[in-house]
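> Data: my_file-v7.cif, mmCIF, C-alpha atoms and all ligand atoms.
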data_query
loop_
_atom_site.group_PDB
_atom_site.id
_atom_site.type_symbol
_atom_site.label_atom_id
_atom_site.label_comp_id
_atom_site.auth_asym_id
_atom_site.auth_seq_id
_atom_site.Cartn_x
_atom_site.Cartn_y
_atom_site.Cartn_z
ATOM 1 C CA MET J 17 25.212 75.877 167.022
ATOM 2 C CA PRO J 18 26.039 72.258 167.912
ATOM 3 C CA THR J 19 29.707 72.765 167.307
ATOM 4 C CA ILE J 20 31.017 69.253 167.280
ATOM 5 C CA ILE J 21 28.588 68.274 164.560
ATOM 6 C CA SER J 22 28.258 71.228 162.219
ATOM 7 C CA HIS J 23 31.233 73.593 162.491
ATOM 8 C CA PRO J 24 33.871 71.102 161.230
ATOM 9 C CA ILE J 25 31.878 70.448 158.055
ATOM 10 C CA VAL J 26 33.477 73.572 156.518
ATOM 11 C CA ALA J 27 36.731 71.590 156.368
ATOM 12 C CA SER J 28 35.117 69.632 153.504
ATOM 13 C CA LEU J 29 35.786 72.662 151.298
ATOM 14 C CA LYS J 30 39.323 71.318 151.006
ATOM 15 C CA THR J 31 38.140 70.015 147.628
ATOM 16 C CA TRP J 32 39.011 73.490 146.281
ATOM 17 C CA VAL J 33 42.683 72.876 147.104
ATOM 18 C CA PRO J 34 43.404 69.244 146.133
ATOM 19 C CA ARG J 35 46.857 69.153 147.738
ATOM 20 C CA ILE J 36 45.358 69.648 151.212
ATOM 21 C CA SER J 37 45.916 66.285 152.907
ATOM 22 C CA VAL J 38 43.462 64.357 155.064
ATOM 23 C CA HIS J 39 45.569 65.297 158.091
ATOM 24 C CA ALA J 40 45.321 68.964 157.222
ATOM 25 C CA ALA J 41 41.567 68.645 156.699
ATOM 26 C CA PHE J 42 41.294 67.061 160.136
ATOM 27 C CA ALA J 43 43.259 69.981 161.604
ATOM 28 C CA GLY J 44 40.954 72.372 159.730
ATOM 29 C CA GLY J 45 37.934 70.685 161.299
ATOM 30 C CA LEU J 46 39.477 71.057 164.751
ATOM 31 C CA LEU J 47 40.217 74.733 164.138
ATOM 32 C CA ALA J 48 36.600 75.239 163.126
ATOM 33 C CA VAL J 49 35.350 73.801 166.396
ATOM 34 C CA LEU J 50 38.027 75.128 168.772
ATOM 35 C CA PRO J 51 36.472 78.553 169.533
ATOM 36 C CA ASP J 52 33.655 76.857 171.447
ATOM 37 C CA ALA J 53 36.154 75.516 173.994
ATOM 38 C CA ASP J 54 35.181 78.790 175.669
ATOM 39 C CA VAL J 55 31.965 77.191 176.987
ATOM 40 C CA VAL J 56 34.102 76.160 179.988
ATOM 41 C CA SER J 57 33.798 79.841 180.930
ATOM 42 C CA PHE J 58 30.218 79.133 182.087
ATOM 43 C CA ALA J 59 31.471 76.493 184.538
ATOM 44 C CA MET J 60 34.204 78.865 185.669
ATOM 45 C CA GLY J 61 31.672 81.599 186.447
ATOM 46 C CA ILE J 62 33.005 83.979 183.765
ATOM 47 C CA PRO J 63 30.134 86.161 182.547
ATOM 48 C CA TYR J 64 28.959 85.532 178.971
ATOM 49 C CA GLU J 65 29.558 89.172 178.028
ATOM 50 C CA SER J 66 33.161 89.344 179.300
ATOM 51 C CA THR J 67 36.195 89.170 176.989
ATOM 52 C CA PHE J 68 36.813 85.552 177.988
ATOM 53 C CA GLY J 69 33.129 84.661 178.119
ATOM 54 C CA HIS J 70 31.396 82.581 175.435
ATOM 55 C CA ARG J 71 31.736 84.115 171.936
ATOM 56 C CA GLY J 72 34.419 86.461 173.265
ATOM 57 C CA PHE J 73 38.152 86.341 172.492
ATOM 58 C CA THR J 74 38.149 82.773 171.124
ATOM 59 C CA HIS J 75 35.690 83.943 168.472
ATOM 60 C CA SER J 76 37.893 86.851 167.348
ATOM 61 C CA ILE J 77 39.860 87.398 164.147
ATOM 62 C CA VAL J 78 43.055 87.548 166.262
ATOM 63 C CA PHE J 79 42.335 84.101 167.733
ATOM 64 C CA ALA J 80 41.650 82.689 164.239
ATOM 65 C CA LEU J 81 44.953 84.159 163.002
ATOM 66 C CA ALA J 82 46.860 82.757 165.988
ATOM 67 C CA THR J 83 45.407 79.238 165.831
ATOM 68 C CA SER J 84 45.724 78.965 162.052
ATOM 69 C CA SER J 85 49.350 80.179 162.227
ATOM 70 C CA LEU J 86 50.175 77.574 164.887
ATOM 71 C CA ALA J 87 48.466 74.817 162.904
ATOM 72 C CA THR J 88 50.428 75.827 159.778
ATOM 73 C CA LEU J 89 53.706 75.446 161.682
ATOM 74 C CA ALA J 90 52.867 71.785 162.272
ATOM 75 C CA PHE J 91 53.128 71.123 158.532
ATOM 76 C CA ARG J 92 56.222 71.307 156.334
ATOM 77 C CA ARG J 93 54.914 71.794 152.819
ATOM 78 C CA ASP J 94 52.453 74.114 151.061
ATOM 79 C CA ARG J 95 52.363 76.426 154.044
ATOM 80 C CA ARG J 96 50.851 79.364 152.187
ATOM 81 C CA ALA J 97 47.892 77.311 150.941
ATOM 82 C CA LEU J 98 47.573 75.613 154.319
ATOM 83 C CA PHE J 99 47.525 78.902 156.190
ATOM 84 C CA ALA J 100 44.795 80.251 153.912
ATOM 85 C CA TYR J 101 42.783 77.046 154.370
ATOM 86 C CA PHE J 102 43.278 76.968 158.147
ATOM 87 C CA PHE J 103 42.402 80.639 158.521
ATOM 88 C CA PHE J 104 39.255 80.056 156.480
ATOM 89 C CA CYS J 105 38.283 77.111 158.718
ATOM 90 C CA ALA J 106 39.045 79.012 161.944
ATOM 91 C CA LEU J 107 37.234 82.165 160.865
ATOM 92 C CA SER J 108 34.225 80.227 159.585
ATOM 93 C CA HIS J 109 33.284 79.549 163.217
ATOM 94 C CA PRO J 110 32.608 83.130 164.334
ATOM 95 C CA LEU J 111 31.176 83.983 160.906
ATOM 96 C CA LEU J 112 28.624 81.150 161.176
ATOM 97 C CA ASP J 113 27.869 82.039 164.802
ATOM 98 C CA ALA J 114 27.157 85.614 163.695
ATOM 99 C CA LEU J 115 24.425 84.163 161.453
ATOM 100 C CA THR J 116 22.599 82.596 164.416
ATOM 101 C CA ASN J 117 19.458 84.053 165.897
ATOM 102 C CA GLY J 118 20.259 84.005 169.618
ATOM 103 C CA GLY J 119 22.730 84.394 172.456
ATOM 104 C CA LEU J 120 25.130 87.300 172.516
ATOM 105 C CA GLY J 121 26.904 88.452 169.389
ATOM 106 C CA ILE J 122 30.482 87.719 168.363
ATOM 107 C CA ALA J 123 33.504 89.690 169.616
ATOM 108 C CA PHE J 124 35.237 89.715 166.211
ATOM 109 C CA PHE J 125 37.646 92.487 167.235
ATOM 110 C CA SER J 126 38.619 91.182 170.680
ATOM 111 C CA PRO J 127 40.990 91.874 172.426
ATOM 112 C CA PHE J 128 40.831 95.431 171.008
ATOM 113 C CA SER J 129 37.090 95.749 171.445
ATOM 114 C CA ASN J 130 34.663 93.464 173.228
ATOM 115 C CA ARG J 131 31.711 94.776 171.231
ATOM 116 C CA ARG J 132 29.536 91.872 170.073
ATOM 117 C CA TYR J 133 28.257 91.608 166.505
ATOM 118 C CA PHE J 134 25.662 89.691 164.519
ATOM 119 C CA PHE J 135 25.114 89.898 160.783
ATOM 120 C CA PRO J 136 21.921 91.732 159.802
ATOM 121 C CA TRP J 137 20.601 88.372 158.504
ATOM 122 C CA THR J 138 20.495 85.554 161.082
ATOM 123 C CA PRO J 139 18.836 82.508 159.508
ATOM 124 C CA ILE J 140 20.532 79.798 161.654
ATOM 125 C CA THR J 141 18.659 78.671 164.768
ATOM 126 C CA VAL J 142 20.989 79.077 167.729
ATOM 127 C CA SER J 143 21.968 75.907 169.575
ATOM 128 C CA PRO J 144 20.886 75.328 173.152
ATOM 129 C CA ILE J 145 24.012 75.136 175.321
ATOM 130 C CA GLY J 146 24.824 71.903 177.190
ATOM 131 C CA ALA J 147 22.221 69.192 177.748
ATOM 132 C CA GLY J 148 19.559 71.231 175.909
ATOM 133 C CA PHE J 149 21.264 70.110 172.735
ATOM 134 C CA PHE J 150 19.353 66.803 173.014
ATOM 135 C CA SER J 151 15.962 68.520 173.329
ATOM 136 C CA ALA J 152 13.327 69.328 170.707
ATOM 137 C CA ARG J 153 15.054 72.671 170.220
ATOM 138 C CA GLY J 154 18.269 70.793 169.537
ATOM 139 C CA VAL J 155 16.528 68.927 166.712
ATOM 140 C CA GLU J 156 15.138 72.185 165.336
ATOM 141 C CA THR J 157 18.660 73.638 165.426
ATOM 142 C CA PHE J 158 20.102 70.673 163.598
ATOM 143 C CA ILE J 159 17.465 70.889 160.833
ATOM 144 C CA SER J 160 18.284 74.592 160.479
ATOM 145 C CA GLU J 161 21.975 73.751 160.197
ATOM 146 C CA LEU J 162 21.361 71.050 157.599
ATOM 147 C CA LYS J 163 19.747 73.750 155.500
ATOM 148 C CA TRP J 164 22.133 76.651 156.148
ATOM 149 C CA VAL J 165 25.481 74.921 156.780
ATOM 150 C CA TRP J 166 25.566 71.298 155.552
ATOM 151 C CA LEU J 167 23.738 71.836 152.268
ATOM 152 C CA PRO J 168 25.762 74.908 151.164
ATOM 153 C CA CYS J 169 29.009 73.194 152.255
ATOM 154 C CA ALA J 170 28.121 70.004 150.392
ATOM 155 C CA LEU J 171 27.307 71.967 147.222
ATOM 156 C CA LEU J 172 30.475 74.074 147.483
ATOM 157 C CA ALA J 173 32.609 70.986 148.194
ATOM 158 C CA LEU J 174 31.112 69.280 145.151
ATOM 159 C CA MET J 175 31.807 72.365 143.024
ATOM 160 C CA GLY J 176 35.393 72.382 144.298
ATOM 161 C CA LYS J 177 35.796 68.731 143.377
ATOM 162 C CA THR J 178 34.397 69.320 139.902
ATOM 163 C CA PHE J 179 36.584 72.374 139.218
ATOM 164 C CA SER J 180 39.777 70.887 140.607
ATOM 165 C CA SER J 181 39.369 67.609 138.719
ATOM 166 C CA ARG J 182 38.894 69.630 135.539
ATOM 167 C CA ALA J 183 41.989 71.691 136.246
ATOM 168 C CA THR J 184 44.213 68.606 136.497
HETATM 169 ZN ZN ZN J 201 30.846 79.503 168.805
#
Output the file's structure as structure tokens, nothing else.

Amino acid sequence: MPTIISHPIVASLKTWVPRISVHAAFAGGLLAVLPDADVVSFAMGIPYESTFGHRGFTHSIVFALATSSLATLAFRRDRRALFAYFFFCALSHPLLDALTNGGLGIAFFSPFSNRRYFFPWTPITVSPIGAGFFSARGVETFISELKWVWLPCALLALMGKTFSSRAT
């Protein structure tokens, strides 16, 4: 999926935990996009299917745990809530990728296993990699993401806002 645009939108679910600051939400957005830093592997000649190829180790549960732990250390207060929020943001990336209809699957259990997984239901149109993002297929992908990522996130964020304002 077009990472820089759609993955960080999950950080908007901070509405469920009102004490999450804007800074923390920004960090959550970065964590949600970080796994796709592995696209440099294509330029480096690392095969897609290898552990350090695209959708490999950086899309694993271990990587999400490591990055969310490091991000939590950067904050002083509410670390338990922050860790849960950061881990949710980080893990949302491979989970959403596993709902896409193309490419190789996700190495959730890397580095222990490099087996790639998709969910049985893959409604999200996979993003073209690189310049293809600005093609007609890129537009099709974005429309798919509006429907399957932005809309559910917006509704859930709104629900979070409603519930948390009632709770206070
Ligand atoms: Zn990805």
> Please write the residues picked by the PyMOL selection byres (((chain J and resi 29) around 8) and not hetatm) on this file as a PyMOL selection string.
chain J and resi 26-28+30-32+169+172-173+176
> Report as JSON lines: every residue of chain J with an atom at most 12 Å from ligand ZN 201 (chain J), its closest pair of atoms, and their distance in Å to one decimal, counting all atoms listed in the file, with rows sorted by chain and ascending residue number.

{"residue": "J:Met17", "atom": "CA", "partner": "J:ZN201", "partner_atom": "ZN", "distance": 6.9}
{"residue": "J:Pro18", "atom": "CA", "partner": "J:ZN201", "partner_atom": "ZN", "distance": 8.7}
{"residue": "J:Thr19", "atom": "CA", "partner": "J:ZN201", "partner_atom": "ZN", "distance": 7.0}
{"residue": "J:Ile20", "atom": "CA", "partner": "J:ZN201", "partner_atom": "ZN", "distance": 10.4}
{"residue": "J:Ser22", "atom": "CA", "partner": "J:ZN201", "partner_atom": "ZN", "distance": 10.9}
{"residue": "J:His23", "atom": "CA", "partner": "J:ZN201", "partner_atom": "ZN", "distance": 8.7}
{"residue": "J:Pro24", "atom": "CA", "partner": "J:ZN201", "partner_atom": "ZN", "distance": 11.7}
{"residue": "J:Leu47", "atom": "CA", "partner": "J:ZN201", "partner_atom": "ZN", "distance": 11.5}
{"residue": "J:Ala48", "atom": "CA", "partner": "J:ZN201", "partner_atom": "ZN", "distance": 9.1}
{"residue": "J:Val49", "atom": "CA", "partner": "J:ZN201", "partner_atom": "ZN", "distance": 7.7}
{"residue": "J:Leu50", "atom": "CA", "partner": "J:ZN201", "partner_atom": "ZN", "distance": 8.4}
{"residue": "J:Pro51", "atom": "CA", "partner": "J:ZN201", "partner_atom": "ZN", "distance": 5.8}
{"residue": "J:Asp52", "atom": "CA", "partner": "J:ZN201", "partner_atom": "ZN", "distance": 4.7}
{"residue": "J:Ala53", "atom": "CA", "partner": "J:ZN201", "partner_atom": "ZN", "distance": 8.4}
{"residue": "J:Asp54", "atom": "CA", "partner": "J:ZN201", "partner_atom": "ZN", "distance": 8.1}
{"residue": "J:Val55", "atom": "CA", "partner": "J:ZN201", "partner_atom": "ZN", "distance": 8.6}
{"residue": "J:Tyr64", "atom": "CA", "partner": "J:ZN201", "partner_atom": "ZN", "distance": 12.0}
{"residue": "J:Gly69", "atom": "CA", "partner": "J:ZN201", "partner_atom": "ZN", "distance": 10.9}
{"residue": "J:His70", "atom": "CA", "partner": "J:ZN201", "partner_atom": "ZN", "distance": 7.3}
{"residue": "J:Arg71", "atom": "CA", "partner": "J:ZN201", "partner_atom": "ZN", "distance": 5.6}
{"residue": "J:Gly72", "atom": "CA", "partner": "J:ZN201", "partner_atom": "ZN", "distance": 9.0}
{"residue": "J:Phe73", "atom": "CA", "partner": "J:ZN201", "partner_atom": "ZN", "distance": 10.7}
{"residue": "J:Thr74", "atom": "CA", "partner": "J:ZN201", "partner_atom": "ZN", "distance": 8.3}
{"residue": "J:His75", "atom": "CA", "partner": "J:ZN201", "partner_atom": "ZN", "distance": 6.6}
{"residue": "J:Ser76", "atom": "CA", "partner": "J:ZN201", "partner_atom": "ZN", "distance": 10.3}
{"residue": "J:Ala106", "atom": "CA", "partner": "J:ZN201", "partner_atom": "ZN", "distance": 10.7}
{"residue": "J:Leu107", "atom": "CA", "partner": "J:ZN201", "partner_atom": "ZN", "distance": 10.5}
{"residue": "J:Ser108", "atom": "CA", "partner": "J:ZN201", "partner_atom": "ZN", "distance": 9.8}
{"residue": "J:His109", "atom": "CA", "partner": "J:ZN201", "partner_atom": "ZN", "distance": 6.1}
{"residue": "J:Pro110", "atom": "CA", "partner": "J:ZN201", "partner_atom": "ZN", "distance": 6.0}
{"residue": "J:Leu111", "atom": "CA", "partner": "J:ZN201", "partner_atom": "ZN", "distance": 9.1}
{"residue": "J:Leu112", "atom": "CA", "partner": "J:ZN201", "partner_atom": "ZN", "distance": 8.1}
{"residue": "J:Asp113", "atom": "CA", "partner": "J:ZN201", "partner_atom": "ZN", "distance": 5.6}
{"residue": "J:Ala114", "atom": "CA", "partner": "J:ZN201", "partner_atom": "ZN", "distance": 8.8}
{"residue": "J:Leu115", "atom": "CA", "partner": "J:ZN201", "partner_atom": "ZN", "distance": 10.8}
{"residue": "J:Thr116", "atom": "CA", "partner": "J:ZN201", "partner_atom": "ZN", "distance": 9.8}
{"residue": "J:Gly118", "atom": "CA", "partner": "J:ZN201", "partner_atom": "ZN", "distance": 11.5}
{"residue": "J:Gly119", "atom": "CA", "partner": "J:ZN201", "partner_atom": "ZN", "distance": 10.2}
{"residue": "J:Leu120", "atom": "CA", "partner": "J:ZN201", "partner_atom": "ZN", "distance": 10.4}
{"residue": "J:Gly121", "atom": "CA", "partner": "J:ZN201", "partner_atom": "ZN", "distance": 9.8}
{"residue": "J:Ile122", "atom": "CA", "partner": "J:ZN201", "partner_atom": "ZN", "distance": 8.2}
{"residue": "J:Ala123", "atom": "CA", "partner": "J:ZN201", "partner_atom": "ZN", "distance": 10.6}
{"residue": "J:Phe124", "atom": "CA", "partner": "J:ZN201", "partner_atom": "ZN", "distance": 11.4}
{"residue": "J:Val142", "atom": "CA", "partner": "J:ZN201", "partner_atom": "ZN", "distance": 9.9}
{"residue": "J:Ser143", "atom": "CA", "partner": "J:ZN201", "partner_atom": "ZN", "distance": 9.6}
{"residue": "J:Pro144", "atom": "CA", "partner": "J:ZN201", "partner_atom": "ZN", "distance": 11.6}
{"residue": "J:Ile145", "atom": "CA", "partner": "J:ZN201", "partner_atom": "ZN", "distance": 10.4}
> Under the PyMOL selection byres (((chain J and resi 158) around 10) and not hetatm), which residues of this model are included? Write them out as a PDB file with C-alpha atoms, in the frame of the given file.

ATOM      1  CA  MET J  17      25.212  75.877 167.022  1.00  0.00           C
ATOM      2  CA  PRO J  18      26.039  72.258 167.912  1.00  0.00           C
ATOM      3  CA  ILE J  21      28.588  68.274 164.560  1.00  0.00           C
ATOM      4  CA  SER J  22      28.258  71.228 162.219  1.00  0.00           C
ATOM      5  CA  ILE J 140      20.532  79.798 161.654  1.00  0.00           C
ATOM      6  CA  THR J 141      18.659  78.671 164.768  1.00  0.00           C
ATOM      7  CA  VAL J 142      20.989  79.077 167.729  1.00  0.00           C
ATOM      8  CA  SER J 143      21.968  75.907 169.575  1.00  0.00           C
ATOM      9  CA  PHE J 149      21.264  70.110 172.735  1.00  0.00           C
ATOM     10  CA  ALA J 152      13.327  69.328 170.707  1.00  0.00           C
ATOM     11  CA  ARG J 153      15.054  72.671 170.220  1.00  0.00           C
ATOM     12  CA  GLY J 154      18.269  70.793 169.537  1.00  0.00           C
ATOM     13  CA  VAL J 155      16.528  68.927 166.712  1.00  0.00           C
ATOM     14  CA  GLU J 156      15.138  72.185 165.336  1.00  0.00           C
ATOM     15  CA  THR J 157      18.660  73.638 165.426  1.00  0.00           C
ATOM     16  CA  ILE J 159      17.465  70.889 160.833  1.00  0.00           C
ATOM     17  CA  SER J 160      18.284  74.592 160.479  1.00  0.00           C
ATOM     18  CA  GLU J 161      21.975  73.751 160.197  1.00  0.00           C
ATOM     19  CA  LEU J 162      21.361  71.050 157.599  1.00  0.00           C
ATOM     20  CA  LYS J 163      19.747  73.750 155.500  1.00  0.00           C
ATOM     21  CA  TRP J 164      22.133  76.651 156.148  1.00  0.00           C
ATOM     22  CA  VAL J 165      25.481  74.921 156.780  1.00  0.00           C
ATOM     23  CA  TRP J 166      25.566  71.298 155.552  1.00  0.00           C
TER      24      TRP J 166
END
> Between CA of Gly44 (chain J) and CA of Ser84 (chain J), what is the distance, to one decimal in Å?
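Atom-to-atom, CA of Gly44 (chain J) and CA of Ser84 (chain J) are spaced 8.5 Å apart.
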> Please compute the CA of Val33 (chain J)-CA of Leu81 (chain J) distance, one decimal, in Å.
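CA of Leu81 (chain J) lies 19.6 Å from CA of Val33 (chain J).
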> Could you jot down the CA of Met60 (chain J) to CA of Arg132 (chain J) separation for me, Å, one decimal place?
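Atom-to-atom, CA of Met60 (chain J) and CA of Arg132 (chain J) are spaced 20.8 Å apart.
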> Of the candidates J:Arg92, J:Glu65, J:Val56, J:Phe42, which shows the shortest atom-to-atom distance to Arg131 (chain J), using all atoms listed in the file?
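Nearest to Arg131 (chain J): J:Glu65.
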> Nearest to Val78 (chain J) among J:Phe125, J:Phe91, J:Phe58, J:Phe102, with distances taken over all atoms listed in the file: which residue is it?
J:Phe125
